[in-house]
Structures are given as structure tokens and as C-alpha cells.
>>> print(open('work35.cif').read())   # mmCIF, C-alpha atoms
data_target
#
loop_
_atom_site.label_atom_id
_atom_site.label_comp_id
_atom_site.auth_asym_id
_atom_site.auth_seq_id
_atom_site.Cartn_x
_atom_site.Cartn_y
_atom_site.Cartn_z
CA MET A 1 117.15 139.29 82.44
CA HIS A 2 120.81 138.92 83.41
CA ALA A 3 121.91 139.76 86.93
CA ALA A 4 125.42 141.22 87.03
CA THR A 5 125.01 142.70 90.52
CA MET A 6 123.28 141.74 93.74
CA THR A 7 121.14 144.84 93.27
CA ASN A 8 119.66 143.25 90.12
CA VAL A 9 119.05 140.00 92.01
CA GLU A 10 117.25 141.83 94.81
CA ARG A 11 115.24 143.92 92.33
CA PHE A 12 114.05 140.75 90.57
CA GLN A 13 113.08 139.22 93.92
CA ARG A 14 111.07 142.29 94.96
CA ARG A 15 109.33 142.54 91.58
CA HIS A 16 108.13 138.92 91.82
CA LYS A 17 107.61 138.72 95.56
CA SER A 18 103.87 138.04 95.59
CA GLY A 19 101.95 135.44 93.56
CA TRP A 20 104.94 133.79 91.88
CA LEU A 21 106.53 130.33 92.04
CA PHE A 22 110.26 129.83 91.61
CA ARG A 23 112.58 127.11 90.39
CA GLY A 24 116.38 127.08 90.42
CA HIS A 25 118.35 125.85 87.41
CA GLY A 26 122.07 125.12 87.50
CA CYS A 27 122.28 126.16 83.84
CA PRO A 28 120.37 129.02 82.16
CA LYS A 29 119.82 126.89 79.02
CA TRP A 30 117.78 124.23 80.81
CA LYS A 31 114.12 123.93 79.89
CA LEU A 32 111.37 123.22 82.38
CA GLU A 33 111.40 119.44 82.20
CA THR A 34 110.21 116.74 84.59
CA SER A 35 112.30 113.83 85.83
CA LEU A 36 109.80 111.54 84.08
CA GLU A 37 110.53 113.21 80.74
CA ARG A 38 114.27 112.74 81.19
CA ALA A 39 114.03 109.13 82.39
CA SER A 40 111.61 107.98 79.68
CA ARG A 41 113.71 109.65 76.97
CA ARG A 42 116.88 108.03 78.30
CA CYS A 43 115.23 104.60 78.38
CA GLY A 44 113.46 104.98 75.03
CA VAL A 45 109.96 104.43 76.44
CA SER A 46 106.88 106.65 76.25
CA GLU A 47 106.18 108.71 79.35
CA VAL A 48 102.71 107.20 79.69
CA HIS A 49 103.97 103.62 79.86
CA TYR A 50 107.06 104.47 81.88
CA GLU A 51 105.08 106.30 84.57
CA ARG A 52 102.51 103.52 84.81
CA ALA A 53 105.23 100.90 85.32
CA VAL A 54 107.14 102.94 87.92
CA TRP A 55 103.87 103.81 89.67
CA GLU A 56 102.93 100.14 90.06
CA GLU A 57 106.38 98.90 91.11
CA PHE A 58 107.10 101.66 93.62
CA ARG A 59 103.77 101.22 95.41
CA ARG A 60 104.22 97.43 95.53
CA HIS A 61 107.56 97.58 97.31
CA ALA A 62 107.64 100.87 99.25
CA HIS A 63 106.29 99.24 102.43
CA THR A 64 109.42 97.08 102.67
CA TYR A 65 111.53 100.25 103.08
CA LEU A 66 109.22 102.59 104.98
CA SER A 67 107.35 102.32 108.27
CA ARG A 68 104.47 104.38 106.86
CA VAL A 69 103.17 104.63 103.30
CA PRO A 70 100.27 106.74 101.94
CA LEU A 71 96.76 105.39 101.65
CA GLU A 72 95.91 103.75 98.34
CA THR A 73 93.65 106.70 97.50
CA ASP A 74 96.27 109.40 98.18
CA THR A 75 97.65 109.61 94.64
CA LEU A 76 99.38 112.96 94.99
CA GLU A 77 101.04 111.91 98.25
CA TRP A 78 102.33 108.77 96.52
CA LEU A 79 103.75 110.85 93.68
CA ALA A 80 105.33 113.26 96.17
CA LEU A 81 106.87 110.31 98.03
CA MET A 82 108.26 108.93 94.79
CA GLN A 83 109.68 112.36 93.95
CA HIS A 84 111.18 112.67 97.43
CA TYR A 85 113.13 109.44 97.04
CA GLY A 86 114.33 110.09 93.50
CA ALA A 87 111.85 108.11 91.39
CA PRO A 88 110.89 109.81 88.11
CA THR A 89 107.49 111.54 88.23
CA ARG A 90 105.38 114.07 86.33
CA LEU A 91 105.77 116.54 89.21
CA LEU A 92 108.00 119.57 88.72
CA ASP A 93 109.31 121.12 91.93
CA PHE A 94 108.78 124.81 92.54
CA THR A 95 109.03 126.87 95.71
CA GLU A 96 107.24 129.94 96.97
CA SER A 97 110.62 131.39 98.02
CA PHE A 98 112.91 133.15 95.54
CA TRP A 99 115.89 132.69 97.86
CA ILE A 100 115.35 128.94 98.22
CA ALA A 101 115.17 128.65 94.41
CA LEU A 102 118.38 130.67 94.14
CA TYR A 103 120.02 128.27 96.58
CA PHE A 104 119.11 125.27 94.42
CA ALA A 105 120.32 127.06 91.28
CA PHE A 106 123.62 128.04 92.86
CA GLU A 107 124.46 125.04 95.07
CA ASP A 108 126.46 122.99 92.53
CA ALA A 109 126.79 125.51 89.69
CA GLU A 110 130.27 126.35 88.43
CA GLU A 111 129.12 128.76 85.74
CA ASP A 112 126.10 131.04 85.41
CA CYS A 113 122.87 129.68 86.88
CA ALA A 114 119.24 130.81 86.67
CA VAL A 115 116.01 131.25 88.60
CA VAL A 116 112.72 130.75 86.73
CA ALA A 117 109.69 132.66 88.01
CA LEU A 118 106.19 131.40 87.12
CA ASP A 119 103.06 133.47 87.70
CA ARG A 120 100.83 131.05 89.57
CA SER A 121 97.69 132.99 88.59
CA SER A 122 98.30 131.87 84.98
CA LEU A 123 97.98 128.20 85.97
CA ALA A 124 94.68 126.34 85.74
CA LYS A 125 92.26 127.22 88.51
CA LYS A 126 91.63 124.36 90.90
CA ASN A 127 88.16 122.91 90.34
CA ALA A 128 86.47 122.33 93.69
CA ALA A 129 84.30 119.65 92.10
CA PHE A 130 87.34 117.54 91.24
CA ASN A 131 89.10 115.27 93.67
CA TYR A 132 92.61 115.57 92.28
CA ASN A 133 93.69 112.30 93.86
CA ASP A 134 90.98 110.55 91.81
CA VAL A 135 91.72 112.59 88.68
CA LEU A 136 95.44 111.82 88.80
CA ARG A 137 94.81 108.13 89.49
CA ALA A 138 92.41 107.84 86.55
CA ASN A 139 94.87 109.72 84.37
CA ILE A 140 97.75 107.41 85.29
CA ASP A 141 95.79 104.16 85.09
CA ARG A 142 93.46 104.82 82.14
CA GLY A 143 94.46 108.11 80.51
CA GLU A 144 91.24 109.85 81.60
CA TYR A 145 90.79 113.60 82.20
CA THR A 146 93.56 114.47 79.75
CA ASP A 147 93.85 118.18 78.97
CA ASP A 148 96.59 120.67 78.10
CA PHE A 149 96.48 122.75 81.28
CA LEU A 150 99.10 122.99 84.01
CA TYR A 151 98.09 122.58 87.64
CA GLU A 152 99.67 123.24 91.02
CA ASP A 153 99.04 121.35 94.24
CA VAL A 154 100.62 119.77 97.31
CA PRO A 155 99.54 116.59 99.12
CA PHE A 156 97.54 116.93 102.34
CA TYR A 157 100.33 115.18 104.25
CA THR A 158 103.67 116.77 103.48
CA ASN A 159 107.17 115.70 104.49
CA ASP A 160 109.63 117.85 106.42
CA ARG A 161 111.65 118.87 103.37
CA LEU A 162 108.63 119.90 101.33
CA ALA A 163 107.38 122.06 104.20
CA ILE A 164 110.76 123.68 104.97
CA GLN A 165 111.50 124.30 101.28
CA LYS A 166 108.02 125.86 100.79
CA GLY A 167 107.55 123.40 97.96
CA ILE A 168 104.78 123.37 95.37
CA PHE A 169 104.29 120.79 92.62
CA VAL A 170 103.30 121.85 89.10
CA PHE A 171 102.10 119.08 86.78
CA SER A 172 100.11 118.32 83.64
CA LEU A 173 97.50 115.69 82.79
CA ASN A 174 98.85 115.17 79.27
CA LEU A 175 102.08 113.18 79.23
CA ARG A 176 102.04 113.01 75.44
CA ARG A 177 103.08 116.66 75.39
CA LYS A 178 106.30 118.09 76.82
CA PHE A 179 105.93 120.23 79.91
CA HIS A 180 107.77 123.16 78.34
CA ASP A 181 105.58 122.98 75.20
CA LEU A 182 102.43 123.11 77.32
CA LEU A 183 103.87 126.06 79.19
CA LEU A 184 104.37 127.97 75.94
CA GLN A 185 101.10 126.83 74.35
CA ASN A 186 99.03 127.99 77.30
CA GLN A 187 100.88 131.31 77.40
CA LYS A 188 101.88 130.87 81.00
CA VAL A 189 103.51 133.95 82.39
CA PHE A 190 107.08 133.10 83.28
CA THR A 191 110.44 134.80 83.19
CA GLN A 192 114.02 133.90 83.98
CA LEU A 193 116.82 135.59 85.86
CA THR A 194 120.30 134.53 84.75
CA VAL A 195 122.76 134.90 87.62
CA SER A 196 126.41 135.55 86.84
CA ALA A 197 128.94 133.18 88.43
CA ALA A 198 130.84 136.30 89.51
CA LEU A 199 128.09 136.84 92.09
CA PHE A 200 128.47 133.42 93.73
CA PRO A 201 130.63 134.64 96.70
CA ALA A 202 128.08 137.37 97.48
CA ILE A 203 125.18 134.92 97.05
CA ARG A 204 126.85 132.42 99.38
CA THR A 205 127.13 135.10 102.06
CA ARG A 206 123.59 136.38 101.53
CA LEU A 207 122.00 132.92 101.65
CA ASN A 208 123.87 131.98 104.82
CA ASP A 209 122.81 135.30 106.37
CA PHE A 210 119.22 134.24 105.64
CA ASN A 211 119.98 130.77 107.06
CA CYS A 212 119.09 129.43 103.61
CA ASN A 213 121.43 126.48 103.28
CA SER A 214 121.36 122.70 103.25
CA ARG A 215 121.57 122.42 107.06
CA VAL A 216 118.11 124.00 107.16
CA LEU A 217 116.61 122.82 103.86
CA PHE A 218 117.67 119.17 104.31
CA PRO A 219 117.19 118.20 107.98
CA GLY A 220 119.53 115.43 109.07
CA ILE A 221 123.12 114.37 108.61
CA ASP A 222 122.88 114.39 104.79
CA GLY A 223 121.96 118.08 104.83
CA TYR A 224 124.75 118.80 107.28
CA GLY A 225 127.25 117.08 104.97
CA ARG A 226 126.00 119.04 101.95
CA TYR A 227 126.40 122.26 103.93
CA PHE A 228 130.18 122.14 103.54
CA ARG A 229 129.96 122.38 99.75
CA ASN A 230 129.21 126.08 100.15
CA HIS A 231 130.66 127.01 103.51
CA THR A 232 133.64 129.26 104.08
CA PHE A 233 135.43 129.16 107.43
#
>>> encode(input="work35.cif", output="C-alpha cells")
Amino acid sequence: MHAATMTNVERFQRRHKSGWLFRGHGCPKWKLETSLERASRRCGVSEVHYERAVWEEFRRHAHTYLSRVPLETDTLEWLALMQHYGAPTRLLDFTESFWIALYFAFEDAEEDCAVVALDRSSLAKKNAAFNYNDVLRANIDRGEYTDDFLYEDVPFYTNDRLAIQKGIFVFSLNLRRKFHDLLLQNQKVFTQLTVSAALFPAIRTRLNDFNCNSRVLFPGIDGYGRYFRNHTF
């Protein structure tokens, strides 16, 4: 779907208001791809080996930079921490808010951007018998529990940005398959709204009216600095 008017944007948001996850893309041609996929491809190393190496090194040295680090058993929190600080991971960021996803799509775009909507009910159901911290750890360390499903989760302890941005992580347990291929193979229900660059002035106004900007989404001086990328006086 292509949005040529704000009415189309609002209609898309209302149609997918409940039970959907959203992700903003600065370019409509982008596939759903993790930072681990991009980094391993750029470095010419398999995702499995690349993740395992980054996983070990980051956990070894994180305590020298941070006053608090997750417990050894909190695998998902470790991955979320790595993601937060820019390390490549298998986690793909989504949000429960269409408008927050639109902000991330629009923030640095100079041409058309896009918002992807994913029906969360089409993702794998969380198995109460599984401890996903243990499952993820065994999958990273030994390749156990590999399947072709996609899962969603958040760590028990979140950070301020994840909470404010209403963030959700979607991930797979099979790094030998591309995320987008697994999405198509499993017939996940997803759609995309392409947003015309002609709407950017109206979107800027609407998002600021909702207080959906970097001053709110990125607490601290870095968010305040980013705010001026899309602020009109």
C-alpha cells in the first residue's frame, strides 16, 4: 500500500491498531534483516560463528564499561544490552506503536520510507515449558533447539529506551536461514505501508503533536541533540 495522503496513513494505523507489531524502514526496498545478518555478510563469516564470537567477547568486557551487567543466565537481557549499544545480534526491533515506527522510518529519510506491520498472532506461540533464556543460550553455544519459527519476547529487565519505545524483539533459532526467508516460509502475516516523501512536513507536525520525537524516545542529551534534525522553529 502506498500512502499519498495523511488520510491513508491514518487509515493504515487504524486498520492495524490491535495485535500488530511495527517496524520503520528508511527505504521501502529494505528487507527484514537483522544487524547480525548484515555484519556477518560484510565480514564474510557465517552468522553462527560470528554471533558466538561477539557473544563471548561482549560479555567478557562489558563490566569494564558498565556499572551493572545482566546475570550470566539472562541470555535475552544480554542480547538486548548488546543490541542497545550497537553490537550485531539476531534480534530484530519492532514496536507496538505505529507512530513510533513511523518516526524511525521518517527520521533520516530523504525519499519515500515505509512502515512494516507484522501480525503477532502469526508468530510462534510461547511455550510455557521452555525457559527462553536457556533455549537461546543452548542455541548460541551448541546449536540446540534449532527450528524455523519466529518468536517474540522482551527481557524481564528492560532499559529506559526499550520501555519508552514500546519495543519488542522478534528472533529466530535458525541462523543458517535468513530472517526474511523464514518470514515468507512460515507465511507470517505482514504488510507494508510506503510513505511518500511529500508527506514528511505533515508527518513531522503530527509526530511532534503526539510528542513522538527523539527528546522523548531517547532520554538524555543525545536524544535532545537528535531532536533538531526534525524540528522547525
>>> resolve_selection(input="work35.cif", expression="the PyMOL selection byres ((chain A and resi 33-46) around 9)", output="JSON, numbers by chain")
{"A": [30, 31, 32, 47, 48, 49, 50, 51, 83, 86, 87, 88, 89, 90, 91, 92, 93, 171, 175, 176, 178, 179, 180]}
>>> residues_near_point(input="work35.cif", point="(123.3, 134.0, 87.9)", cutoff="10 Å", atoms="only C-alpha atoms", output="PyMOL selection string")
chain A and resi 1-6+9+25-28+102+105-106+109+111-115+193-200+203
>>> closest_residue(input="work35.cif", among="A:Leu217, A:Leu150, A:Ala101, A:Val54", to="Ala163 (chain A)", atoms="only C-alpha atoms")
A:Leu217
>>> atom_distance(input="work35.cif", atom1="CA of Phe169 (chain A)", atom2="CA of Leu21 (chain A)")
9.8 Å
>>> closest_residue(input="work35.cif", among="A:Glu110, A:Lys166, A:Gly143, A:Gly24", to="Pro201 (chain A)", atoms="only C-alpha atoms")
A:Glu110
>>> atom_distance(input="work35.cif", atom1="CA of Trp99 (chain A)", atom2="CA of Arg120 (chain A)")
17.3 Å
>>> closest_residue(input="work35.cif", among="A:Ala128, A:Val170, A:Leu123, A:Leu81", to="Phe94 (chain A)", atoms="all atoms listed in the file")
A:Val170
>>> resolve_selection(input="work35.cif", expression="the PyMOL selection byres ((chain A and resi 172) around 7)", output="list in words")
Asp148, Phe149, Leu150, Tyr151, Phe171, Leu173 and Asn174 of chain A
>>> residues_around(input="work35.cif", residues="His16 (chain A)", least_positions_apart="2", cutoff="10 Å", atoms="all atoms listed in the file", output="mmCIF file with C-alpha atoms, in the frame of the given file")
data_model
loop_
_atom_site.group_PDB
_atom_site.id
_atom_site.type_symbol
_atom_site.label_atom_id
_atom_site.label_comp_id
_atom_site.auth_asym_id
_atom_site.auth_seq_id
_atom_site.Cartn_x
_atom_site.Cartn_y
_atom_site.Cartn_z
ATOM 1 C CA ARG A 11 115.240 143.920 92.330
ATOM 2 C CA PHE A 12 114.050 140.750 90.570
ATOM 3 C CA GLN A 13 113.080 139.220 93.920
ATOM 4 C CA ARG A 14 111.070 142.290 94.960
ATOM 5 C CA SER A 18 103.870 138.040 95.590
ATOM 6 C CA GLY A 19 101.950 135.440 93.560
ATOM 7 C CA TRP A 20 104.940 133.790 91.880
ATOM 8 C CA LEU A 21 106.530 130.330 92.040
ATOM 9 C CA PHE A 22 110.260 129.830 91.610
ATOM 10 C CA PHE A 98 112.910 133.150 95.540
ATOM 11 C CA ALA A 117 109.690 132.660 88.010
ATOM 12 C CA LEU A 118 106.190 131.400 87.120
ATOM 13 C CA ASP A 119 103.060 133.470 87.700
ATOM 14 C CA THR A 191 110.440 134.800 83.190
#
>>> axis_aligned_box(input="work35.cif", around="region 108-117 of chain A", padding_each_side="6 Å", output="lines of an AutoDock Vina configuration file")
center_x = 120.0
center_y = 127.8
center_z = 89.0
size_x = 32.6
size_y = 21.7
size_z = 19.1
>>> atom_distance(input="work35.cif", atom1="CA of Arg142 (chain A)", atom2="CA of Arg52 (chain A)")
9.5 Å
